[in-house]
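Listing of query.cif, mmCIF, C-alpha atoms, pLDDT in the B column; chains and numbers go by the auth columns
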data_input
loop_
_atom_site.group_PDB
_atom_site.id
_atom_site.type_symbol
_atom_site.label_atom_id
_atom_site.label_comp_id
_atom_site.label_asym_id
_atom_site.label_seq_id
_atom_site.Cartn_x
_atom_site.Cartn_y
_atom_site.Cartn_z
_atom_site.B_iso_or_equiv
_atom_site.auth_seq_id
_atom_site.auth_asym_id
ATOM 1 C CA MET A 1 79.127 124.598 127.508 56.00 1 A
ATOM 2 C CA ASN A 2 79.312 122.352 130.566 63.00 2 A
ATOM 3 C CA PHE A 3 80.797 118.900 130.481 62.00 3 A
ATOM 4 C CA THR A 4 80.044 116.217 133.012 69.00 4 A
ATOM 5 C CA ARG A 5 82.964 114.160 134.208 68.00 5 A
ATOM 6 C CA ARG A 6 81.859 111.199 132.087 69.00 6 A
ATOM 7 C CA GLU A 7 81.681 113.306 128.919 65.00 7 A
ATOM 8 C CA THR A 8 85.095 114.765 129.579 65.00 8 A
ATOM 9 C CA MET A 9 86.583 111.303 129.988 65.00 9 A
ATOM 10 C CA ALA A 10 84.940 110.107 126.782 64.00 10 A
ATOM 11 C CA ALA A 11 86.177 113.092 124.798 62.00 11 A
ATOM 12 C CA GLY A 12 89.672 112.698 126.204 62.00 12 A
ATOM 13 C CA GLY A 13 89.696 109.012 125.396 59.00 13 A
ATOM 14 C CA ALA A 14 88.571 109.653 121.832 58.00 14 A
ATOM 15 C CA ALA A 15 91.267 112.281 121.373 57.00 15 A
ATOM 16 C CA PHE A 16 93.871 109.850 122.713 54.00 16 A
ATOM 17 C CA ILE A 17 92.793 107.115 120.301 51.00 17 A
ATOM 18 C CA ALA A 18 92.798 109.591 117.421 51.00 18 A
ATOM 19 C CA SER A 19 96.341 110.637 118.244 51.00 19 A
ATOM 20 C CA VAL A 20 97.614 107.049 118.449 48.00 20 A
ATOM 21 C CA LEU A 21 95.771 105.631 115.458 45.00 21 A
ATOM 22 C CA PRO A 22 97.822 107.156 112.638 45.00 22 A
ATOM 23 C CA ILE A 23 100.888 105.325 113.862 44.00 23 A
ATOM 24 C CA THR A 24 99.155 101.961 114.001 43.00 24 A
ATOM 25 C CA LEU A 25 97.491 102.597 110.652 44.00 25 A
ATOM 26 C CA MET A 26 100.785 103.415 108.987 48.00 26 A
ATOM 27 C CA ALA A 27 101.163 100.228 107.018 56.00 27 A
ATOM 28 C CA SER A 28 104.626 98.916 106.418 73.00 28 A
ATOM 29 C CA THR A 29 106.244 99.202 103.023 75.00 29 A
ATOM 30 C CA ASN A 30 106.167 95.462 102.418 78.00 30 A
ATOM 31 C CA ASP A 31 102.503 95.137 103.325 80.00 31 A
ATOM 32 C CA LEU A 32 101.602 97.851 100.841 81.00 32 A
ATOM 33 C CA ILE A 33 103.610 96.263 98.065 83.00 33 A
ATOM 34 C CA SER A 34 102.068 92.835 98.615 82.00 34 A
ATOM 35 C CA GLY A 35 98.642 94.473 98.693 80.00 35 A
ATOM 36 C CA ILE A 36 99.136 95.415 95.062 81.00 36 A
ATOM 37 C CA THR A 37 100.932 92.347 93.820 82.00 37 A
ATOM 38 C CA GLY A 38 98.648 89.967 95.703 79.00 38 A
ATOM 39 C CA GLY A 39 101.659 88.517 97.470 78.00 39 A
ATOM 40 C CA ALA A 40 103.620 87.757 94.300 78.00 40 A
ATOM 41 C CA GLU A 41 107.390 88.096 94.325 79.00 41 A
ATOM 42 C CA THR A 42 108.754 91.461 93.291 82.00 42 A
ATOM 43 C CA SER A 43 112.109 92.135 91.788 83.00 43 A
ATOM 44 C CA SER A 44 113.967 95.341 92.409 83.00 44 A
ATOM 45 C CA SER A 45 115.340 95.570 88.883 84.00 45 A
ATOM 46 C CA GLY A 46 113.548 97.125 85.958 86.00 46 A
ATOM 47 C CA ILE A 47 112.159 100.102 87.810 91.00 47 A
ATOM 48 C CA SER A 48 113.735 103.294 89.002 92.00 48 A
ATOM 49 C CA LEU A 49 112.138 105.848 91.264 93.00 49 A
ATOM 50 C CA THR A 50 113.638 109.306 91.457 93.00 50 A
ATOM 51 C CA ALA A 51 112.644 111.411 94.430 93.00 51 A
ATOM 52 C CA PRO A 52 114.528 114.011 96.438 93.00 52 A
ATOM 53 C CA GLU A 53 116.247 112.817 99.614 92.00 53 A
ATOM 54 C CA ILE A 54 115.055 115.882 101.463 91.00 54 A
ATOM 55 C CA ALA A 55 111.894 117.755 100.523 90.00 55 A
ATOM 56 C CA GLU A 56 111.518 121.091 102.230 87.00 56 A
ATOM 57 C CA ASN A 57 107.845 121.354 101.429 88.00 57 A
ATOM 58 C CA GLY A 58 105.713 118.236 101.562 88.00 58 A
ATOM 59 C CA ASN A 59 103.034 119.903 99.464 90.00 59 A
ATOM 60 C CA THR A 60 104.896 119.451 96.207 92.00 60 A
ATOM 61 C CA VAL A 61 107.476 116.718 96.033 93.00 61 A
ATOM 62 C CA PRO A 62 108.617 116.000 92.475 94.00 62 A
ATOM 63 C CA ILE A 63 108.917 112.311 91.695 95.00 63 A
ATOM 64 C CA SER A 64 109.784 110.474 88.529 95.00 64 A
ATOM 65 C CA ILE A 65 109.334 106.801 87.748 94.00 65 A
ATOM 66 C CA ASP A 66 110.853 104.879 84.895 93.00 66 A
ATOM 67 C CA ALA A 67 109.932 101.238 84.323 91.00 67 A
ATOM 68 C CA PRO A 68 110.656 99.987 80.795 90.00 68 A
ATOM 69 C CA GLY A 69 108.157 97.357 79.731 87.00 69 A
ATOM 70 C CA ALA A 70 105.596 98.124 82.400 91.00 70 A
ATOM 71 C CA VAL A 71 101.884 98.219 81.685 93.00 71 A
ATOM 72 C CA ALA A 72 101.002 99.984 84.921 93.00 72 A
ATOM 73 C CA ILE A 73 102.816 101.733 87.731 93.00 73 A
ATOM 74 C CA THR A 74 101.273 102.331 91.149 93.00 74 A
ATOM 75 C CA VAL A 75 102.736 104.956 93.448 93.00 75 A
ATOM 76 C CA LEU A 76 102.216 104.769 97.198 92.00 76 A
ATOM 77 C CA ALA A 77 103.249 106.903 100.142 91.00 77 A
ATOM 78 C CA ALA A 78 103.497 104.677 103.216 88.00 78 A
ATOM 79 C CA GLY A 79 103.175 107.456 105.770 88.00 79 A
ATOM 80 C CA ASN A 80 100.281 109.421 104.333 89.00 80 A
ATOM 81 C CA PRO A 81 96.805 109.262 105.902 87.00 81 A
ATOM 82 C CA THR A 82 95.762 107.372 102.770 88.00 82 A
ATOM 83 C CA PRO A 83 98.696 105.563 101.185 88.00 83 A
ATOM 84 C CA GLY A 84 97.453 105.633 97.578 91.00 84 A
ATOM 85 C CA VAL A 85 98.943 108.340 95.372 93.00 85 A
ATOM 86 C CA ALA A 86 98.337 107.484 91.740 94.00 86 A
ATOM 87 C CA LYS A 87 98.207 104.692 89.218 94.00 87 A
ATOM 88 C CA PHE A 88 99.583 105.129 85.731 94.00 88 A
ATOM 89 C CA ASN A 89 98.272 102.846 83.000 94.00 89 A
ATOM 90 C CA PHE A 90 100.320 102.992 79.826 93.00 90 A
ATOM 91 C CA GLY A 91 98.552 102.477 76.531 91.00 91 A
ATOM 92 C CA ALA A 92 99.599 101.544 73.039 89.00 92 A
ATOM 93 C CA GLY A 93 100.599 105.087 72.159 88.00 93 A
ATOM 94 C CA SER A 94 103.059 105.595 74.977 90.00 94 A
ATOM 95 C CA GLY A 95 106.642 106.152 73.976 86.00 95 A
ATOM 96 C CA SER A 96 108.230 104.939 77.177 88.00 96 A
ATOM 97 C CA GLN A 97 106.989 103.843 80.557 90.00 97 A
ATOM 98 C CA ASN A 98 108.176 106.966 82.237 90.00 98 A
ATOM 99 C CA CYS A 99 106.223 109.558 84.150 92.00 99 A
ATOM 100 C CA THR A 100 106.957 112.606 86.265 94.00 100 A
ATOM 101 C CA THR A 101 104.555 114.280 88.646 94.00 101 A
ATOM 102 C CA ARG A 102 104.354 116.127 91.954 94.00 102 A
ATOM 103 C CA ILE A 103 102.917 114.600 95.093 93.00 103 A
ATOM 104 C CA ARG A 104 101.991 115.497 98.666 92.00 104 A
ATOM 105 C CA LEU A 105 103.735 113.856 101.598 92.00 105 A
ATOM 106 C CA ALA A 106 102.476 114.195 105.172 90.00 106 A
ATOM 107 C CA GLY A 107 105.906 113.657 106.702 89.00 107 A
ATOM 108 C CA THR A 108 109.192 111.812 106.392 91.00 108 A
ATOM 109 C CA GLN A 109 108.372 108.452 104.862 90.00 109 A
ATOM 110 C CA ASP A 110 108.933 105.848 102.196 91.00 110 A
ATOM 111 C CA VAL A 111 107.673 106.516 98.684 92.00 111 A
ATOM 112 C CA ILE A 112 106.956 103.280 96.868 92.00 112 A
ATOM 113 C CA ALA A 113 106.529 102.520 93.180 92.00 113 A
ATOM 114 C CA VAL A 114 105.277 99.140 91.987 92.00 114 A
ATOM 115 C CA ALA A 115 105.360 98.335 88.290 92.00 115 A
ATOM 116 C CA GLU A 116 103.287 95.608 86.707 91.00 116 A
ATOM 117 C CA MET A 117 105.163 94.239 83.734 91.00 117 A
ATOM 118 C CA ALA A 118 103.613 93.010 80.510 89.00 118 A
ATOM 119 C CA ASP A 119 104.379 89.380 81.483 88.00 119 A
ATOM 120 C CA GLY A 120 102.502 89.749 84.773 87.00 120 A
ATOM 121 C CA SER A 121 105.537 90.014 87.022 90.00 121 A
ATOM 122 C CA PHE A 122 106.081 92.901 89.421 91.00 122 A
ATOM 123 C CA SER A 123 108.971 95.184 90.186 91.00 123 A
ATOM 124 C CA ALA A 124 109.107 97.499 93.138 91.00 124 A
ATOM 125 C CA ALA A 125 111.299 100.363 94.230 91.00 125 A
ATOM 126 C CA HIS A 126 111.145 102.574 97.272 89.00 126 A
ATOM 127 C CA GLN A 127 112.961 105.584 98.587 92.00 127 A
ATOM 128 C CA THR A 128 112.812 107.458 101.851 92.00 128 A
ATOM 129 C CA VAL A 129 112.050 111.152 101.557 93.00 129 A
ATOM 130 C CA LYS A 130 112.714 113.447 104.481 92.00 130 A
ATOM 131 C CA VAL A 131 109.986 116.078 104.719 91.00 131 A
ATOM 132 C CA THR A 132 110.538 119.272 106.674 86.00 132 A
ATOM 133 C CA ILE A 133 106.978 120.640 106.457 79.00 133 A
ATOM 134 C CA GLY A 134 104.182 118.124 105.930 74.00 134 A
ATOM 135 C CA GLY A 135 101.712 118.615 103.124 69.00 135 A
ATOM 136 C CA CYS A 136 98.367 117.457 104.422 65.00 136 A
ATOM 137 C CA GLY A 137 97.130 120.534 106.225 61.00 137 A
ATOM 138 C CA GLY A 138 95.225 120.339 109.506 45.00 138 A
ATOM 139 C CA MET B 1 82.524 123.164 88.389 54.00 1 B
ATOM 140 C CA ALA B 2 85.503 124.232 90.361 60.00 2 B
ATOM 141 C CA LYS B 3 86.609 127.766 89.713 72.00 3 B
ATOM 142 C CA GLY B 4 89.702 128.790 87.818 78.00 4 B
ATOM 143 C CA VAL B 5 90.426 125.446 86.196 86.00 5 B
ATOM 144 C CA LYS B 6 92.707 125.961 83.244 89.00 6 B
ATOM 145 C CA PRO B 7 94.437 123.097 81.457 92.00 7 B
ATOM 146 C CA ARG B 8 97.798 123.756 79.842 93.00 8 B
ATOM 147 C CA VAL B 9 99.620 121.334 77.595 94.00 9 B
ATOM 148 C CA LYS B 10 102.983 121.441 75.909 94.00 10 B
ATOM 149 C CA VAL B 11 103.332 119.289 72.797 94.00 11 B
ATOM 150 C CA PRO B 12 105.880 119.854 70.004 93.00 12 B
ATOM 151 C CA LYS B 13 104.290 121.186 66.798 92.00 13 B
ATOM 152 C CA THR B 14 106.078 118.725 64.560 92.00 14 B
ATOM 153 C CA ALA B 15 107.819 115.377 64.919 92.00 15 B
ATOM 154 C CA ALA B 16 109.451 112.797 62.690 92.00 16 B
ATOM 155 C CA ALA B 17 107.314 109.719 62.006 90.00 17 B
ATOM 156 C CA GLY B 18 107.790 107.187 64.796 89.00 18 B
ATOM 157 C CA GLU B 19 109.548 109.684 67.004 91.00 19 B
ATOM 158 C CA THR B 20 109.095 109.635 70.771 92.00 20 B
ATOM 159 C CA ILE B 21 108.109 113.009 72.109 93.00 21 B
ATOM 160 C CA THR B 22 107.819 114.384 75.614 94.00 22 B
ATOM 161 C CA ILE B 23 104.497 115.886 76.668 95.00 23 B
ATOM 162 C CA LYS B 24 104.018 118.122 79.675 95.00 24 B
ATOM 163 C CA THR B 25 100.606 118.861 81.112 95.00 25 B
ATOM 164 C CA LEU B 26 99.478 121.111 83.913 94.00 26 B
ATOM 165 C CA ILE B 27 95.990 121.936 85.060 94.00 27 B
ATOM 166 C CA SER B 28 95.283 124.597 87.632 93.00 28 B
ATOM 167 C CA HIS B 29 93.126 123.011 90.296 91.00 29 B
ATOM 168 C CA LYS B 30 93.077 123.401 94.049 89.00 30 B
ATOM 169 C CA MET B 31 93.024 119.626 94.711 89.00 31 B
ATOM 170 C CA GLU B 32 91.297 119.888 98.076 89.00 32 B
ATOM 171 C CA THR B 33 92.230 116.710 99.973 88.00 33 B
ATOM 172 C CA GLY B 34 89.183 116.506 102.213 87.00 34 B
ATOM 173 C CA ARG B 35 91.428 116.441 105.280 86.00 35 B
ATOM 174 C CA ARG B 36 91.886 120.152 105.846 88.00 36 B
ATOM 175 C CA LYS B 37 89.684 122.136 108.208 88.00 37 B
ATOM 176 C CA ASP B 38 88.484 125.697 107.889 88.00 38 B
ATOM 177 C CA LYS B 39 88.838 128.157 110.760 90.00 39 B
ATOM 178 C CA ASP B 40 85.612 126.944 112.381 91.00 40 B
ATOM 179 C CA GLY B 41 86.898 123.379 112.491 88.00 41 B
ATOM 180 C CA ASN B 42 84.664 122.054 109.741 91.00 42 B
ATOM 181 C CA ILE B 43 86.263 119.702 107.263 90.00 43 B
ATOM 182 C CA ILE B 44 86.590 121.201 103.793 90.00 44 B
ATOM 183 C CA PRO B 45 85.052 118.616 101.444 90.00 45 B
ATOM 184 C CA ARG B 46 87.297 116.759 99.038 90.00 46 B
ATOM 185 C CA SER B 47 87.457 118.198 95.556 91.00 47 B
ATOM 186 C CA ILE B 48 90.130 116.786 93.303 92.00 48 B
ATOM 187 C CA ILE B 49 90.710 115.692 89.767 93.00 49 B
ATOM 188 C CA ASN B 50 90.567 111.932 90.042 92.00 50 B
ATOM 189 C CA ARG B 51 91.531 110.841 86.545 94.00 51 B
ATOM 190 C CA PHE B 52 93.645 112.091 83.695 95.00 52 B
ATOM 191 C CA THR B 53 93.903 110.508 80.272 95.00 53 B
ATOM 192 C CA CYS B 54 95.826 111.219 77.132 95.00 54 B
ATOM 193 C CA ALA B 55 95.028 109.618 73.793 94.00 55 B
ATOM 194 C CA PHE B 56 96.539 110.014 70.345 94.00 56 B
ATOM 195 C CA ASN B 57 94.115 109.471 67.445 92.00 57 B
ATOM 196 C CA GLY B 58 91.908 107.472 69.794 90.00 58 B
ATOM 197 C CA LYS B 59 94.781 105.279 71.026 91.00 59 B
ATOM 198 C CA SER B 60 95.499 105.515 74.741 93.00 60 B
ATOM 199 C CA VAL B 61 98.868 106.937 75.716 94.00 61 B
ATOM 200 C CA VAL B 62 98.483 107.136 79.442 94.00 62 B
ATOM 201 C CA ASP B 63 95.594 106.845 81.879 95.00 63 B
ATOM 202 C CA VAL B 64 96.264 108.025 85.407 95.00 64 B
ATOM 203 C CA SER B 65 93.988 107.493 88.382 94.00 65 B
ATOM 204 C CA MET B 66 94.731 110.060 91.018 93.00 66 B
ATOM 205 C CA GLU B 67 94.304 110.203 94.781 91.00 67 B
ATOM 206 C CA PRO B 68 94.290 113.281 97.048 91.00 68 B
ATOM 207 C CA ALA B 69 98.068 112.852 97.457 91.00 69 B
ATOM 208 C CA ILE B 70 98.628 114.485 94.067 93.00 70 B
ATOM 209 C CA SER B 71 99.774 118.071 94.542 92.00 71 B
ATOM 210 C CA VAL B 72 97.802 121.184 93.796 92.00 72 B
ATOM 211 C CA ASN B 73 97.825 122.052 90.069 93.00 73 B
ATOM 212 C CA PRO B 74 98.481 118.475 88.921 94.00 74 B
ATOM 213 C CA TYR B 75 101.495 118.225 86.656 95.00 75 B
ATOM 214 C CA PHE B 76 102.376 115.254 84.477 95.00 76 B
ATOM 215 C CA GLN B 77 105.222 114.642 82.137 95.00 77 B
ATOM 216 C CA PHE B 78 105.319 111.533 79.967 94.00 78 B
ATOM 217 C CA GLU B 79 106.338 110.302 76.541 93.00 79 B
ATOM 218 C CA ALA B 80 104.368 109.302 73.474 93.00 80 B
ATOM 219 C CA THR B 81 105.266 107.880 70.088 92.00 81 B
ATOM 220 C CA VAL B 82 103.958 109.652 67.024 92.00 82 B
ATOM 221 C CA PRO B 83 103.516 107.186 64.125 91.00 83 B
ATOM 222 C CA GLU B 84 101.520 109.622 61.986 91.00 84 B
ATOM 223 C CA ALA B 85 100.137 113.136 62.053 92.00 85 B
ATOM 224 C CA GLY B 86 97.153 113.493 64.283 92.00 86 B
ATOM 225 C CA GLU B 87 95.658 114.901 67.401 94.00 87 B
ATOM 226 C CA PHE B 88 96.317 114.408 71.084 94.00 88 B
ATOM 227 C CA LEU B 89 93.270 114.547 73.311 95.00 89 B
ATOM 228 C CA PHE B 90 93.839 115.309 76.965 95.00 90 B
ATOM 229 C CA THR B 91 90.991 114.776 79.423 95.00 91 B
ATOM 230 C CA TRP B 92 90.753 115.552 83.126 95.00 92 B
ATOM 231 C CA TYR B 93 87.878 114.242 85.256 94.00 93 B
ATOM 232 C CA ASP B 94 86.844 116.281 88.274 93.00 94 B
ATOM 233 C CA ASP B 95 85.235 114.874 91.450 91.00 95 B
ATOM 234 C CA ASP B 96 82.203 117.069 90.809 90.00 96 B
ATOM 235 C CA GLY B 97 81.595 115.449 87.429 90.00 97 B
ATOM 236 C CA SER B 98 83.138 118.157 85.276 91.00 98 B
ATOM 237 C CA VAL B 99 85.339 117.047 82.421 94.00 99 B
ATOM 238 C CA TYR B 100 88.060 119.311 81.098 94.00 100 B
ATOM 239 C CA GLU B 101 89.407 118.675 77.621 93.00 101 B
ATOM 240 C CA LYS B 102 92.271 120.000 75.575 94.00 102 B
ATOM 241 C CA LYS B 103 93.334 119.050 72.064 94.00 103 B
ATOM 242 C CA LYS B 104 96.698 119.458 70.402 94.00 104 B
ATOM 243 C CA SER B 105 97.503 118.458 66.856 94.00 105 B
ATOM 244 C CA ILE B 106 100.932 117.436 65.653 93.00 106 B
ATOM 245 C CA LYS B 107 102.353 117.348 62.130 93.00 107 B
ATOM 246 C CA ILE B 108 104.964 115.088 60.639 91.00 108 B
ATOM 247 C CA ALA B 109 108.052 117.050 59.668 81.00 109 B
#

Take the structure I supplied and represent it as structure tokens, if you would.
Amino acid sequence: MNFTRRETMAAGGAAFIASVLPITLMASTNDLISGITGGAETSSSGISLTAPEIAENGNTVPISIDAPGAVAITVLAAGNPTPGVAKFNFGAGSGSQNCTTRIRLAGTQDVIAVAEMADGSFSAAHQTVKVTIGGCGG
Amino acid sequence: MAKGVKPRVKVPKTAAAGETITIKTLISHKMETGRRKDKDGNIIPRSIINRFTCAFNGKSVVDVSMEPAISVNPYFQFEATVPEAGEFLFTWYDDDGSVYEKKKSIKIA
């Protein structure tokens, strides 16, 4: 396969943009939180996020969220290619607003949990998880 | 339908009326993110379970919408109150349209 000079430049430029983009796309923690709350104030009380400080394997990072009185909890990973992780909606039969699961993290980053309370207010918590091996493949 | 999908659920057999119980669920699923590439450089298409619900006697306990950032073999642990004897219905929704269901009944001790 032969490349002309112009094609080589174009391919190189595209590769450069692709390598820079993830950093610029990595939204900040506060932007992500306000994206969910619609800019409303969040309190840091009423929600607790448990995640390991260091995760050896980013493919399965156990996290646990507890937010008494919440109707929904959204979990975000600020440094993943797509920040959304999961949204938990609690129904009438739930015993407590508490959930544990395992998530993928692409690298060291902030894990964010935003709880929507029954009165419409929001609480947010975040914790930095150090990841030794990222979990997004490629 | 994705291969080798097997839901597993752990619910106590009995509970006192009004008691809060812990439920653990696991479903074996590869949860392909759609970001990985095979050895020829082609992107492996996304194939995940995108929603999980649990209901007790028709009343919702938890409804989770999931993104590719959920790990392989999605595991959830949560709590439910048991006001009367009845049946838990667990449902997983696959990207390819398959629905996996599991039922567990519970008695009042």

List the residues selected by the PyMOL selection byres ((chain A) within 7 of (chain B)) in the file shown, writing them as a JSON list (two decimals) with C-alpha atoms, keeping the file's coordinate frame.
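The file below, part23.json, is the result:
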[["chain", "number", "residue", "atom", "x", "y", "z"],
["A", 59, "ASN", "CA", 103.03, 119.90, 99.46],
["A", 60, "THR", "CA", 104.90, 119.45, 96.21],
["A", 84, "GLY", "CA", 97.45, 105.63, 97.58],
["A", 85, "VAL", "CA", 98.94, 108.34, 95.37],
["A", 86, "ALA", "CA", 98.34, 107.48, 91.74],
["A", 87, "LYS", "CA", 98.21, 104.69, 89.22],
["A", 88, "PHE", "CA", 99.58, 105.13, 85.73],
["A", 89, "ASN", "CA", 98.27, 102.85, 83.00],
["A", 90, "PHE", "CA", 100.32, 102.99, 79.83],
["A", 91, "GLY", "CA", 98.55, 102.48, 76.53],
["A", 92, "ALA", "CA", 99.60, 101.54, 73.04],
["A", 93, "GLY", "CA", 100.60, 105.09, 72.16],
["A", 94, "SER", "CA", 103.06, 105.60, 74.98],
["A", 95, "GLY", "CA", 106.64, 106.15, 73.98],
["A", 96, "SER", "CA", 108.23, 104.94, 77.18],
["A", 98, "ASN", "CA", 108.18, 106.97, 82.24],
["A", 99, "CYS", "CA", 106.22, 109.56, 84.15],
["A", 100, "THR", "CA", 106.96, 112.61, 86.26],
["A", 101, "THR", "CA", 104.56, 114.28, 88.65],
["A", 102, "ARG", "CA", 104.35, 116.13, 91.95],
["A", 103, "ILE", "CA", 102.92, 114.60, 95.09],
["A", 104, "ARG", "CA", 101.99, 115.50, 98.67],
["A", 137, "GLY", "CA", 97.13, 120.53, 106.22],
["A", 138, "GLY", "CA", 95.22, 120.34, 109.51]]

Fill in: Point-to-point distance in Å for CA of Ile49 in chain B and CA of Ala77 in chain A
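It comes out at 18.5 Å.
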
Worksheet item: If you measure from CA of Ala125 in chain A to CA of Asn57 in chain A, what distance in Å do you get, rounded to one decimal?
Response: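 We find that CA of Ala125 in chain A and CA of Asn57 in chain A lie 22.5 Å from each other.
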
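If you measure from each of A:Ile63, A:Val71, A:Ala51, A:Ala124 to Thr37 in chain A using only C-alpha atoms, the closest one turns out to be A:Ala124.
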
Worksheet entry | Residues within 9 Å of Glu84 in chain B, all atoms listed in the file, excluding chain neighbours under 6 positions, as a PyMOL selection string | chain B and resi 16-18+106-108

Fill in: CA of Ala115 in chain A to CA of Glu41 in chain A, straight-line distance in Å
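Computing it gives 12.1 Å between the two atoms.
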
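Evaluated on this file, the PyMOL selection byres ((chain B and resi 90) around 7) matches Thr53, Cys54, Ala55, Phe88, Leu89, Thr91, Trp92, Glu101, Lys102 and Lys103 of chain B.
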
Coordinates of box centre and edge lengths for range 82-94 of chain A, 6 Å on every side, axis-aligned, as JSON:
{"center_x": 99.4, "center_y": 104.9, "center_z": 87.5, "size_x": 19.3, "size_y": 18.8, "size_z": 42.6}
